[in-house]
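Undergrad: Structure file work_3.cif (mmCIF, C-alpha atoms and all ligand atoms) right here:
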data_model
#
loop_
_atom_site.label_atom_id
_atom_site.label_comp_id
_atom_site.auth_asym_id
_atom_site.auth_seq_id
_atom_site.Cartn_x
_atom_site.Cartn_y
_atom_site.Cartn_z
CA MET A 1071 -17.88 22.79 1.62
CA ARG A 1072 -16.35 20.64 4.32
CA TYR A 1073 -13.40 18.48 3.37
CA LEU A 1074 -12.43 15.33 5.18
CA LYS A 1075 -8.78 14.73 6.00
CA GLU A 1076 -7.02 11.76 4.41
CA THR A 1077 -6.66 8.86 6.85
CA PRO A 1078 -3.16 9.10 8.36
CA SER A 1079 -0.66 6.48 7.28
CA GLN A 1080 0.87 4.00 9.71
CA THR A 1081 3.74 1.61 9.19
CA ALA A 1082 2.92 -1.72 7.51
CA GLY A 1083 4.92 -3.32 10.33
CA PRO A 1084 6.95 -6.53 10.39
CA TYR A 1085 3.94 -8.76 9.68
CA VAL A 1086 2.63 -7.09 6.52
CA HIS A 1087 3.13 -10.45 4.80
CA ILE A 1088 0.22 -11.99 6.72
CA GLY A 1089 -2.19 -9.54 5.14
CA CYS A 1090 -0.68 -8.92 1.71
CA VAL A 1091 1.20 -12.13 0.81
CA PRO A 1092 -0.32 -14.74 3.17
CA SER A 1093 0.92 -17.75 1.21
CA PHE A 1094 4.46 -16.37 1.40
CA ALA A 1095 3.87 -15.90 5.16
CA GLY A 1096 2.98 -19.57 5.52
CA LEU A 1097 -0.81 -19.29 5.82
CA GLU A 1098 -1.28 -22.28 3.58
CA GLY A 1099 -4.43 -22.28 1.48
CA MET A 1100 -5.47 -18.71 2.33
CA PHE A 1101 -7.29 -16.91 -0.53
CA GLY A 1102 -7.09 -19.97 -2.77
CA GLY A 1103 -3.40 -20.45 -2.03
CA ARG A 1104 -2.24 -17.67 -4.35
CA ASP A 1105 -0.90 -14.28 -3.34
CA LEU A 1106 -2.48 -11.35 -5.15
CA GLY A 1107 -0.09 -9.67 -7.58
CA ASP A 1108 2.30 -12.64 -7.80
CA LYS A 1109 1.69 -12.96 -11.55
CA MET A 1110 1.51 -9.92 -13.80
CA ILE A 1111 1.55 -11.85 -17.06
CA THR A 1112 -1.65 -13.89 -17.26
CA GLY A 1113 -1.53 -15.07 -20.87
CA ASP A 1114 0.09 -14.28 -24.16
CA ALA A 1115 1.05 -10.71 -23.26
CA LYS A 1116 2.64 -8.54 -25.92
CA GLY A 1117 6.05 -7.02 -25.37
CA GLU A 1118 9.50 -7.85 -24.14
CA ARG A 1119 9.62 -10.08 -21.04
CA ILE A 1120 11.96 -8.82 -18.38
CA THR A 1121 12.90 -9.51 -14.80
CA LEU A 1122 13.16 -6.58 -12.41
CA THR A 1123 15.19 -7.41 -9.32
CA GLY A 1124 17.28 -5.85 -6.59
CA HIS A 1125 17.54 -5.08 -2.89
CA VAL A 1126 16.24 -2.40 -0.55
CA HIS A 1127 19.07 -1.04 1.62
CA ASP A 1128 18.68 0.78 4.92
CA GLY A 1129 20.95 3.57 6.16
CA THR A 1130 23.55 1.09 7.40
CA GLY A 1131 23.80 -0.45 3.93
CA MET A 1132 22.10 -3.67 4.96
CA ALA A 1133 19.54 -5.23 2.62
CA ILE A 1134 16.22 -5.24 4.45
CA ARG A 1135 14.45 -8.57 4.52
CA ASP A 1136 10.96 -7.60 5.64
CA ALA A 1137 9.90 -5.12 2.96
CA LEU A 1138 7.01 -5.42 0.54
CA LEU A 1139 7.14 -3.83 -2.91
CA GLU A 1140 4.37 -3.06 -5.34
CA ILE A 1141 4.86 -1.99 -8.92
CA TRP A 1142 2.42 -0.35 -11.34
CA GLN A 1143 3.19 0.06 -15.00
CA ALA A 1144 1.81 0.39 -18.52
CA ASP A 1145 1.67 -2.48 -20.99
CA ALA A 1146 3.96 -2.70 -24.03
CA ALA A 1147 1.74 -0.23 -25.91
CA GLY A 1148 1.82 2.33 -23.08
CA LEU A 1149 -1.70 1.65 -21.77
CA TYR A 1150 -2.69 0.95 -18.17
CA ASN A 1151 -4.96 -1.95 -17.26
CA SER A 1152 -7.28 0.29 -15.24
CA PRO A 1153 -10.84 1.68 -15.48
CA GLN A 1154 -9.21 5.13 -15.20
CA GLU A 1155 -7.31 4.56 -18.45
CA ARG A 1156 -9.30 6.59 -21.01
CA ARG A 1157 -6.96 6.31 -24.02
CA GLY A 1158 -7.80 2.75 -25.06
CA ALA A 1159 -7.94 -0.85 -23.92
CA ALA A 1160 -4.81 -2.30 -22.35
CA ASP A 1161 -3.45 -5.78 -23.08
CA PRO A 1162 -5.90 -8.19 -21.37
CA HIS A 1163 -3.05 -10.61 -20.63
CA PHE A 1164 -1.07 -8.16 -18.52
CA THR A 1165 -2.30 -6.80 -15.18
CA GLY A 1166 0.25 -3.98 -14.85
CA TRP A 1167 0.32 -4.48 -11.06
CA GLY A 1168 2.71 -6.69 -9.13
CA ARG A 1169 3.38 -7.26 -5.44
CA GLN A 1170 6.44 -9.07 -4.07
CA PRO A 1171 8.14 -9.36 -0.68
CA THR A 1172 11.87 -9.08 -0.30
CA ASP A 1173 13.32 -12.52 0.41
CA GLY A 1174 13.46 -13.34 4.13
CA GLU A 1175 17.08 -14.57 3.84
CA THR A 1176 18.70 -12.58 1.04
CA GLY A 1177 16.54 -9.46 0.91
CA ARG A 1178 16.18 -9.79 -2.86
CA TYR A 1179 12.92 -8.87 -4.58
CA ARG A 1180 11.96 -10.06 -8.04
CA PHE A 1181 9.22 -9.22 -10.53
CA GLU A 1182 8.58 -11.06 -13.79
CA THR A 1183 7.05 -8.46 -16.06
CA ILE A 1184 7.24 -6.85 -19.48
CA LYS A 1185 9.01 -3.70 -20.56
CA PRO A 1186 6.45 -0.87 -20.44
CA GLY A 1187 5.72 1.39 -23.39
CA PRO A 1188 5.93 5.17 -23.04
CA VAL A 1189 3.01 7.19 -21.64
CA PRO A 1190 2.28 10.93 -21.82
CA TRP A 1191 3.22 13.64 -19.33
CA SER A 1192 0.44 15.97 -18.21
CA ASP A 1193 1.05 18.33 -21.17
CA GLY A 1194 1.07 15.56 -23.76
CA ARG A 1195 4.84 15.22 -24.23
CA MET A 1196 5.98 11.63 -23.89
CA GLN A 1197 7.65 10.32 -20.76
CA ALA A 1198 10.41 7.75 -20.93
CA PRO A 1199 9.29 4.18 -20.16
CA HIS A 1200 9.07 3.78 -16.39
CA ILE A 1201 7.62 1.67 -13.59
CA LEU A 1202 6.11 3.16 -10.44
CA VAL A 1203 7.41 1.44 -7.29
CA TRP A 1204 5.87 1.61 -3.82
CA ILE A 1205 7.80 0.35 -0.78
CA VAL A 1206 6.41 -0.43 2.65
CA ALA A 1207 8.10 -2.06 5.64
CA ARG A 1208 8.57 -1.94 9.39
CA GLY A 1209 10.16 1.43 10.19
CA ILE A 1210 8.65 3.15 7.14
CA ASN A 1211 5.81 5.33 8.44
CA MET A 1212 4.35 6.04 5.02
CA GLY A 1213 4.79 4.07 1.79
CA LEU A 1214 7.63 5.42 -0.36
CA ALA A 1215 7.09 6.01 -4.06
CA THR A 1216 9.83 5.99 -6.64
CA ARG A 1217 10.18 5.24 -10.35
CA VAL A 1218 12.32 2.79 -12.28
CA TYR A 1219 13.74 4.11 -15.56
CA PHE A 1220 15.83 1.93 -17.89
CA ASP A 1221 19.53 2.55 -18.52
CA ASP A 1222 19.23 1.41 -22.15
CA GLU A 1223 16.63 4.09 -22.95
CA GLN A 1224 19.13 6.94 -23.04
CA GLU A 1225 17.35 8.96 -25.72
CA ALA A 1226 13.92 8.71 -24.08
CA ASN A 1227 15.42 9.39 -20.64
CA ALA A 1228 17.13 12.52 -21.95
CA ALA A 1229 13.75 13.83 -23.15
CA ASP A 1230 11.77 12.80 -20.06
CA PRO A 1231 9.95 15.77 -18.48
CA LEU A 1232 10.23 14.46 -14.91
CA LEU A 1233 13.93 13.56 -15.12
CA ALA A 1234 14.53 16.98 -16.68
CA ARG A 1235 13.22 18.82 -13.63
CA ILE A 1236 15.48 17.04 -11.13
CA GLU A 1237 17.86 19.68 -9.93
CA HIS A 1238 20.54 17.43 -8.47
CA ARG A 1239 21.59 15.70 -11.69
CA ASP A 1240 23.98 13.39 -9.84
CA ARG A 1241 20.97 11.72 -8.18
CA ILE A 1242 19.36 10.62 -11.47
CA PRO A 1243 21.34 7.34 -11.60
CA THR A 1244 19.42 6.26 -8.46
CA LEU A 1245 16.37 5.93 -10.74
CA LEU A 1246 18.07 3.91 -13.48
CA ALA A 1247 17.75 0.12 -13.67
CA ARG A 1248 20.86 -1.51 -15.07
CA ARG A 1249 20.30 -3.97 -17.92
CA GLU A 1250 22.02 -7.36 -17.97
CA GLY A 1251 20.47 -9.66 -20.59
CA ASP A 1252 16.72 -9.82 -19.88
CA THR A 1253 17.22 -8.68 -16.30
CA TYR A 1254 17.13 -5.14 -14.96
CA HIS A 1255 18.85 -4.56 -11.63
CA PHE A 1256 17.36 -1.83 -9.47
CA ASP A 1257 18.57 -1.29 -5.90
CA ILE A 1258 16.74 1.06 -3.59
CA HIS A 1259 18.62 3.01 -0.90
CA LEU A 1260 16.43 4.44 1.84
CA GLN A 1261 19.27 6.65 3.14
CA GLY A 1262 22.89 7.54 2.62
CA PRO A 1263 25.01 8.98 -0.18
CA ASP A 1264 23.10 6.92 -2.79
CA GLU A 1265 19.64 7.69 -1.36
CA THR A 1266 17.04 6.89 -4.02
CA ILE A 1267 14.91 9.77 -5.23
CA PHE A 1268 11.45 9.39 -3.70
CA PHE A 1269 8.48 11.22 -5.14
CA ASP A 1270 5.45 12.96 -3.73
CA ILE A 1271 2.93 11.48 -6.14
CA MET B 628 -10.50 5.02 -27.84
CA THR B 629 -13.14 6.30 -25.47
CA ASN B 630 -14.55 9.80 -25.30
CA SER B 631 -14.60 10.18 -21.52
CA PRO B 632 -12.31 12.91 -20.21
CA PRO B 633 -9.09 11.97 -18.40
CA PRO B 634 -9.43 11.75 -14.62
CA GLY B 635 -8.51 14.88 -12.65
CA THR B 636 -5.40 15.07 -10.51
CA PHE B 637 -5.49 14.18 -6.81
CA PHE B 638 -5.51 16.77 -4.04
CA GLN B 639 -2.07 17.46 -2.66
CA ARG B 640 -1.15 15.32 0.32
CA ASP B 641 -0.91 17.05 3.70
CA PHE B 642 2.39 15.72 5.04
CA THR B 643 1.90 17.56 8.33
CA TRP B 644 -1.09 15.29 9.00
CA HIS B 645 0.75 12.04 8.24
CA PRO B 646 3.69 10.85 10.36
CA PRO B 647 7.08 12.17 9.20
CA ALA B 648 9.61 9.58 8.01
CA LEU B 649 12.07 10.14 10.87
CA THR B 650 10.49 9.45 14.27
CA PRO B 651 13.21 8.43 16.75
CA GLY B 652 10.62 7.25 19.31
CA TYR B 653 9.96 4.45 16.83
CA LYS B 654 13.55 3.29 16.59
CA THR B 655 13.45 1.32 13.34
CA SER B 656 12.54 4.51 11.46
CA VAL B 657 15.99 5.96 12.22
CA THR B 658 17.80 3.87 9.59
CA ARG B 659 14.83 3.57 7.25
CA ALA B 660 13.78 7.21 6.90
CA PRO B 661 14.84 8.98 3.71
CA GLN B 662 16.64 12.23 4.53
CA ARG B 663 16.10 14.15 1.32
CA ALA B 664 12.87 15.91 0.39
CA ARG B 665 10.39 14.09 -1.82
CA ILE B 666 10.24 15.50 -5.33
CA ALA B 667 6.72 16.54 -6.34
CA TYR B 668 5.15 16.59 -9.79
CA ASP B 669 1.67 16.76 -11.25
CA ASN B 670 -0.03 13.38 -11.48
CA THR B 671 0.34 11.76 -14.87
CA VAL B 672 -1.63 8.81 -16.21
CA THR B 673 0.80 6.59 -14.25
CA GLU B 674 -0.44 7.91 -10.90
CA LEU B 675 -4.06 8.54 -11.92
CA THR B 676 -4.64 4.93 -12.91
CA GLY B 677 -4.49 1.93 -10.63
CA PRO B 678 -5.24 -1.77 -10.53
CA THR B 679 -8.80 -2.95 -10.06
CA PHE B 680 -9.92 -6.12 -8.33
CA GLY B 681 -13.39 -7.42 -9.10
CA HIS B 682 -15.79 -8.72 -6.47
CA ASN B 683 -15.22 -12.13 -8.07
CA ILE B 684 -11.75 -12.49 -6.52
CA ILE B 685 -13.31 -12.50 -3.06
CA GLY B 686 -14.05 -15.92 -1.58
CA GLU B 687 -17.07 -16.53 0.64
CA LEU B 688 -15.06 -16.51 3.90
CA ASP B 689 -12.42 -13.94 2.92
CA ASN B 690 -14.14 -11.35 5.14
CA ASP B 691 -14.68 -13.67 8.11
CA LEU B 692 -11.51 -14.14 10.16
CA THR B 693 -13.42 -16.16 12.75
CA LEU B 694 -13.86 -18.92 10.15
CA ASN B 695 -11.43 -18.49 7.25
CA TYR B 696 -8.59 -20.40 8.91
CA ALA B 697 -10.65 -22.49 11.33
CA ARG B 698 -10.94 -26.25 11.31
CA PRO B 699 -14.38 -27.52 10.24
CA GLY B 700 -16.85 -26.99 13.07
CA HIS B 701 -14.48 -24.63 14.95
CA SER B 702 -14.04 -20.88 15.10
CA ALA B 703 -11.35 -18.49 16.29
CA GLN B 704 -11.05 -17.79 20.02
CA GLY B 705 -11.75 -14.35 21.43
CA PRO B 706 -14.42 -11.65 21.63
CA ARG B 707 -16.35 -11.71 18.37
CA ILE B 708 -16.65 -8.39 16.53
CA ILE B 709 -17.80 -6.91 13.25
CA VAL B 710 -15.76 -4.04 11.79
CA HIS B 711 -17.56 -1.91 9.24
CA GLY B 712 -17.67 1.52 7.68
CA HIS B 713 -17.17 3.46 4.49
CA VAL B 714 -14.22 4.21 2.28
CA LEU B 715 -14.66 7.85 1.28
CA ASP B 716 -12.60 10.47 -0.48
CA GLU B 717 -11.72 13.91 0.91
CA GLU B 718 -14.99 15.31 -0.45
CA ALA B 719 -16.91 12.58 1.41
CA ARG B 720 -17.77 10.78 -1.82
CA PRO B 721 -17.92 6.98 -1.51
CA VAL B 722 -15.09 5.04 -3.11
CA PRO B 723 -16.78 1.94 -4.57
CA ASN B 724 -15.23 -1.32 -5.79
CA VAL B 725 -11.84 -0.97 -4.14
CA LEU B 726 -9.87 -3.71 -2.41
CA VAL B 727 -9.53 -3.52 1.39
CA GLU B 728 -7.15 -5.97 3.08
CA PHE B 729 -6.69 -6.44 6.83
CA TRP B 730 -4.45 -8.43 9.15
CA GLN B 731 -4.07 -8.73 12.89
CA ALA B 732 -2.80 -10.65 15.91
CA ASN B 733 -5.01 -13.23 17.62
CA ALA B 734 -6.94 -12.64 20.85
CA GLY B 735 -3.74 -13.21 22.86
CA GLY B 736 -1.73 -10.70 20.81
CA ARG B 737 0.22 -13.27 18.79
CA TYR B 738 0.70 -13.19 15.00
CA ARG B 739 0.85 -16.30 12.86
CA HIS B 740 4.30 -15.32 11.56
CA LYS B 741 7.65 -17.03 11.96
CA LYS B 742 9.22 -13.84 13.30
CA ASP B 743 6.68 -13.42 16.12
CA SER B 744 8.03 -15.14 19.24
CA TYR B 745 5.64 -13.65 21.83
CA LEU B 746 4.75 -16.08 24.65
CA ALA B 747 1.03 -15.93 23.90
CA PRO B 748 -0.04 -19.12 22.11
CA LEU B 749 -1.17 -19.43 18.51
CA ASP B 750 -4.84 -20.18 17.99
CA PRO B 751 -5.11 -23.19 15.65
CA ASP B 752 -8.35 -21.72 14.29
CA PHE B 753 -7.08 -18.23 13.53
CA GLY B 754 -4.95 -17.18 10.55
CA GLY B 755 -5.23 -13.42 10.94
CA CYS B 756 -5.95 -12.03 7.50
CA GLY B 757 -8.94 -11.14 5.40
CA ARG B 758 -10.04 -9.00 2.50
CA THR B 759 -13.10 -7.52 0.85
CA VAL B 760 -14.08 -5.13 -1.94
CA THR B 761 -16.20 -2.04 -1.17
CA ASP B 762 -19.76 -2.05 -2.49
CA ALA B 763 -21.39 0.57 -4.75
CA GLU B 764 -21.77 2.92 -1.72
CA GLY B 765 -18.14 2.48 -0.65
CA ARG B 766 -19.08 0.25 2.31
CA TYR B 767 -17.04 -2.62 3.67
CA HIS B 768 -17.48 -5.02 6.59
CA PHE B 769 -15.86 -8.09 8.06
CA ARG B 770 -16.07 -10.38 11.05
CA THR B 771 -13.13 -11.09 13.30
CA ILE B 772 -12.10 -11.40 16.94
CA LEU B 773 -10.79 -8.55 19.07
CA PRO B 774 -6.98 -8.67 18.73
CA GLY B 775 -4.87 -8.61 21.89
CA PRO B 776 -2.25 -5.98 22.75
CA TYR B 777 1.33 -7.23 22.44
CA PRO B 778 4.84 -6.27 23.54
CA TRP B 779 7.46 -5.39 20.95
CA PRO B 780 11.17 -4.63 21.03
CA ASN B 781 11.58 -0.85 20.95
CA GLY B 782 11.91 0.45 24.48
CA VAL B 783 12.24 -2.23 27.18
CA ASN B 784 8.50 -2.16 27.90
CA ASP B 785 6.59 -0.99 24.84
CA TRP B 786 3.21 -2.54 24.09
CA ARG B 787 1.06 -2.02 21.02
CA PRO B 788 -2.58 -1.09 21.62
CA ALA B 789 -5.00 -3.64 20.18
CA HIS B 790 -5.09 -2.88 16.45
CA ILE B 791 -5.93 -4.12 12.98
CA HIS B 792 -3.69 -3.31 10.00
CA PHE B 793 -5.41 -2.11 6.81
CA SER B 794 -4.29 -1.84 3.20
CA LEU B 795 -6.48 0.23 0.87
CA PHE B 796 -6.50 0.77 -2.85
CA GLY B 797 -8.22 3.72 -4.48
CA HIS B 798 -8.99 4.29 -8.13
CA GLY B 799 -5.55 5.77 -8.80
CA PHE B 800 -2.25 4.40 -7.49
CA ALA B 801 -1.55 7.80 -5.86
CA GLN B 802 -4.33 6.97 -3.37
CA ARG B 803 -2.58 3.82 -2.11
CA LEU B 804 -2.55 3.68 1.68
CA ILE B 805 -1.55 1.35 4.50
CA THR B 806 -2.60 2.20 8.05
CA GLN B 807 -3.82 0.75 11.37
CA MET B 808 -7.12 0.89 13.23
CA TYR B 809 -7.39 1.10 17.02
CA PHE B 810 -10.21 0.60 19.53
CA GLU B 811 -12.01 3.29 21.51
CA GLY B 812 -10.96 3.48 25.14
CA ASP B 813 -7.62 1.65 24.87
CA PRO B 814 -5.20 3.27 27.37
CA HIS B 815 -2.21 2.22 25.21
CA ILE B 816 -3.24 4.66 22.48
CA ASP B 817 -1.68 7.62 24.30
CA ILE B 818 1.65 5.86 24.97
CA CYS B 819 2.27 3.88 21.79
CA PRO B 820 5.48 5.00 20.01
CA ILE B 821 4.06 3.97 16.62
CA LEU B 822 0.75 5.81 17.04
CA GLN B 823 2.61 8.80 18.46
CA THR B 824 4.58 9.14 15.20
CA ILE B 825 1.45 10.98 14.04
CA PRO B 826 1.87 14.64 15.05
CA SER B 827 -1.67 15.64 15.97
CA LYS B 828 -4.15 14.20 18.41
CA ALA B 829 -6.93 14.99 15.95
CA ALA B 830 -5.25 12.84 13.29
CA ILE B 831 -4.69 9.99 15.77
CA ASP B 832 -8.34 10.17 16.75
CA THR B 833 -9.40 9.38 13.16
CA LEU B 834 -7.73 5.97 13.51
CA VAL B 835 -9.79 5.01 16.55
CA ALA B 836 -12.85 2.85 15.82
CA ARG B 837 -16.01 3.53 17.83
CA LEU B 838 -18.20 0.88 19.45
CA ASP B 839 -21.39 0.79 17.37
CA MET B 840 -24.26 -0.78 19.33
CA ASN B 841 -26.68 -0.21 16.41
CA HIS B 842 -24.82 -2.68 14.22
CA THR B 843 -24.04 -5.09 17.03
CA VAL B 844 -25.65 -8.49 16.43
CA PRO B 845 -27.33 -9.46 19.72
CA MET B 846 -25.94 -12.63 21.32
CA ASP B 847 -23.31 -12.88 18.55
CA ALA B 848 -20.86 -10.05 17.84
CA ARG B 849 -20.29 -6.44 18.86
CA ALA B 850 -19.72 -3.93 16.07
CA TYR B 851 -17.02 -1.27 15.65
CA ARG B 852 -17.31 1.51 13.10
CA MET B 853 -14.33 2.81 11.18
CA ASP B 854 -14.36 5.04 8.09
CA PHE B 855 -11.34 5.53 5.86
CA VAL B 856 -10.62 8.61 3.76
CA LEU B 857 -8.56 8.44 0.58
CA ARG B 858 -7.24 11.44 -1.35
CA GLY B 859 -9.80 13.52 -3.20
CA GLN B 860 -9.65 14.11 -6.92
CA ARG B 861 -10.24 17.29 -8.91
CA GLN B 862 -13.20 17.27 -11.23
CA THR B 863 -12.06 17.45 -14.83
CA LEU B 864 -14.87 19.97 -15.38
CA PHE B 865 -12.71 22.70 -13.86
CA GLU B 866 -9.44 21.67 -15.41
CA ASN B 867 -7.46 22.95 -18.31
CA LYS B 868 -7.81 20.64 -21.24
CA MET B 869 -4.81 18.35 -21.34
CA GLU B 870 -3.47 18.25 -24.87
CA GLY B 871 -2.65 14.88 -26.32
CA MET B 872 -4.37 12.81 -23.63
FE FE C 1301 0.60 -5.16 14.45
#
Starting from the coordinates I provided, produce the structure as structure tokens.
TA:
Amino acid sequence: MRYLKETPSQTAGPYVHIGCVPSFAGLEGMFGGRDLGDKMITGDAKGERITLTGHVHDGTGMAIRDALLEIWQADAAGLYNSPQERRGAADPHFTGWGRQPTDGETGRYRFETIKPGPVPWSDGRMQAPHILVWIVARGINMGLATRVYFDDEQEANAADPLLARIEHRDRIPTLLARREGDTYHFDIHLQGPDETIFFDI
Amino acid sequence: MTNSPPPGTFFQRDFTWHPPALTPGYKTSVTRAPQRARIAYDNTVTELTGPTFGHNIIGELDNDLTLNYARPGHSAQGPRIIVHGHVLDEEARPVPNVLVEFWQANAGGRYRHKKDSYLAPLDPDFGGCGRTVTDAEGRYHFRTILPGPYPWPNGVNDWRPAHIHFSLFGHGFAQRLITQMYFEGDPHIDICPILQTIPSKAAIDTLVARLDMNHTVPMDARAYRMDFVLRGQRQTLFENKMEGM
């Protein structure tokens, strides 16, 4: 049979906000005046409410101010709000998907979400709780995927099948969000000695 | 619990077909390109699932950029076009019910964005973004105006070909894609540092929309045809049973 080739990626460019977060970009009233993905909690969602925040640094160490981040995660019970989720019905009050720009002045991003429950690895073992992160920006030719793990989940992290296969153990801290009250801090480094681990998903 | 089998994993991505991260001709990539290899692993339920957006989120004018930011009784300036096509997977199967978002400069090549300082004027009747959800056959379409080429700070005299940016969702988050569409016959295609980040001419050619006279609406709007291909997915039929899923 004949296969088609995947459409090649191109950078999201400096004006990605117009298309993906038009209200943030100043297009007042567009799409009902609400940016898609701005609210992940749509009702009385179960689970622990957390804030996930940080910066995206380029190779010079500067926080980049024109990036767009998307996150995708399970609900508190470890179920995804997706038609492809075949293990049960996810929390109807939690979308599991968020989209936020980095701030145009400070470069900080911020998601209000809940702490995800654990989900299985492909062989059925459990993975540690994690959030999939996807980063696009000017200068990034293809969206970068990484995962947030939680620094207060030491036991689960130690048993995580993906973390276990990372050869350069000293890079694992680049995937750990640091807890401070209800806030997890997660900085992304595109380059340099602290370069975040990016995944081919 | 449902009895349907778990979805199969996605076909491996061909990174020789996509642009590499480090492309010095596109200068911003130099400080934003990761230098270490990506770490690969088999898709888990995290990557096989993805958000879904019903047709009910789409407003009546969301897929008409000539009208969705225009004052009452006005419409955007510029050559009127319809862009349409299919969203398919690598086995040419339609990808239905997925969100497609698009954004672009106006007919003069100017974006409605505070960071765009190009001399070309804003069009008071053009915002520059739209969205739609593919139908049961994976089709999408929208109306807009032909965007203008624009200069950008890279070399001293680099100009982007006319283009429309696209964001596509699949059924699993591993299919997520952002790209750009170009127009047949544009001489800037061969000299654009961003397009030329893509290694092969054949790959670049798949981003070039073709004039489609058959879907052109006489006396109204010309049509351009552009198909998108998302990653294919293995059929669970042929897979090892995944314990515990
Ligand atoms: Fe552009």
Undergrad: Calculate, to one decimal in Å, the centre and edge lengths of the box along x, y and z of the file that holds all listed atoms of range 630-636 of chain B with 8 Å of margin on each side, and present them as JSON.
TA:
{"center_x": -10.0, "center_y": 12.4, "center_z": -17.9, "size_x": 25.2, "size_y": 21.3, "size_z": 30.8}
Undergrad: Can you pull out the residues contacting Ile816 in chain B? Cut-off 12 Å, using only C-alpha atoms, and skip same-chain residues under 3 positions away; I want them as a list in words.
TA: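 That gives Pro776, Asp785, Trp786, Arg787, Pro788, Ala789, His790, Gln807, Met808, Tyr809, Phe810, Glu811, Gly812, Asp813, Cys819, Pro820, Ile821, Leu822, Gln823, Thr824, Ile825, Lys828, Ile831, Asp832, Leu834, Val835 and Ala836 of chain B.
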Undergrad: Looking at all atoms listed in the file, which of A:Pro1084, A:Gly1096, A:Gly1168, A:Gly1113 is the one that sits closest to ligand FE 1301 (chain C)?
TA: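 Result for the nearest residue to ligand FE 1301 (chain C): A:Pro1084.
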Undergrad: What is the CA of Ile1201 in chain A to CA of His1125 in chain A distance in Å?
TA: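 If I compute the distance from CA of Ile1201 in chain A to CA of His1125 in chain A, I get 16.1 Å.
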Undergrad: Sort by chain and increasing residue number a table of all residues of range 1099-1198 of chain A within 7 Å of range 648-663 of chain B, each with its closest pair of atoms and their distance in Å to one decimal, counting only C-alpha atoms, and write it as JSON lines.
TA:
{"residue": "A:Asp1128", "atom": "CA", "partner": "B:Arg659", "partner_atom": "CA", "distance": 5.3}
{"residue": "A:Gly1129", "atom": "CA", "partner": "B:Thr658", "partner_atom": "CA", "distance": 4.7}
{"residue": "A:Thr1130", "atom": "CA", "partner": "B:Thr658", "partner_atom": "CA", "distance": 6.8}
Undergrad: Contacts between ligand FE 1301 (chain C) and chain B, please, where a residue of chain B counts if it comes within 7 Å (with all atoms listed in the file); show its shortest atom pair and distance in Å to one decimal, rows by chain and ascending number, as JSON lines.
TA:
{"residue": "B:Gln731", "atom": "CA", "partner": "C:FE1301", "partner_atom": "FE", "distance": 6.1}
{"residue": "B:Ala732", "atom": "CA", "partner": "C:FE1301", "partner_atom": "FE", "distance": 6.6}
{"residue": "B:His790", "atom": "CA", "partner": "C:FE1301", "partner_atom": "FE", "distance": 6.4}
{"residue": "B:Ile791", "atom": "CA", "partner": "C:FE1301", "partner_atom": "FE", "distance": 6.8}
{"residue": "B:His792", "atom": "CA", "partner": "C:FE1301", "partner_atom": "FE", "distance": 6.5}
Undergrad: Take the residues from that selection and write them out as a PDB file, in the coordinates of the input, keeping C-alpha atoms.
TA:
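Result went into out_26.pdb, see below:
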ATOM      1  CA  GLN B 731      -4.070  -8.730  12.890  1.00  0.00           C
ATOM      2  CA  ALA B 732      -2.800 -10.650  15.910  1.00  0.00           C
ATOM      3  CA  HIS B 790      -5.090  -2.880  16.450  1.00  0.00           C
ATOM      4  CA  ILE B 791      -5.930  -4.120  12.980  1.00  0.00           C
ATOM      5  CA  HIS B 792      -3.690  -3.310  10.000  1.00  0.00           C
TER       6      HIS B 792
END
Undergrad: For Glu1237 in chain A, find every residue with an atom within 12 Å (counting only C-alpha atoms), except residues of its own chain fewer than 5 positions away, and show them as an mmCIF file with C-alpha atoms, in the frame of the given file.
TA:
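The resulting file, out04.cif, is shown below:
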data_model
loop_
_atom_site.group_PDB
_atom_site.id
_atom_site.type_symbol
_atom_site.label_atom_id
_atom_site.label_comp_id
_atom_site.auth_asym_id
_atom_site.auth_seq_id
_atom_site.Cartn_x
_atom_site.Cartn_y
_atom_site.Cartn_z
ATOM 1 C CA LEU A 1232 10.230 14.460 -14.910
ATOM 2 C CA ILE A 1242 19.360 10.620 -11.470
ATOM 3 C CA ILE A 1267 14.910 9.770 -5.230
ATOM 4 C CA ILE B 666 10.240 15.500 -5.330
#
Undergrad: Using only C-alpha atoms, which residue out of B:Pro774, B:Gly677, B:Gly736, B:Pro814 lies closest to chain A?
TA: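 Nearest to chain A: B:Gly677.
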Undergrad: Find the residues of chain A in contact range of chain B, meaning any atom within 6 Å when counting all atoms listed in the file, and list them as a PyMOL selection string.
TA: chain A and resi 1073-1080+1089+1128-1129+1152+1154+1156-1158+1191-1194+1209-1211+1260-1261+1268-1271
Undergrad: Could you check the closest approach to Met1132 in chain A for each of A:Ala1226, A:Pro1263, A:Pro1153, A:Thr1176 and tell me which residue wins, using only C-alpha atoms?
TA: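 The closest residue to Met1132 in chain A is A:Thr1176.
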Undergrad: Measure the distance from CA of Asp1161 in chain A to CA of Leu1139 in chain A in Å and round it to one decimal.
TA: 22.9 Å
Undergrad: In Å, with one decimal, what is the gap from CA of Gln860 in chain B to CA of Gly635 in chain B?
TA: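 According to the coordinates, CA of Gln860 in chain B and CA of Gly635 in chain B are separated by 5.9 Å.
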Undergrad: Can you work out which one of B:Asp752, B:Thr761, B:Ala850, B:Gly712 has the shortest atom-to-atom distance to Gly700 in chain B, counting all atoms listed in the file?
TA: B:Asp752
Undergrad: Can you find the residues with an atom no farther than 10 Å from (14.6, -5.0, 4.1), counting all atoms listed in the file, and report them as a PyMOL selection string?
TA: (chain A and resi 1125-1128+1132-1138+1171-1179+1205-1209+1260) or (chain B and resi 659)
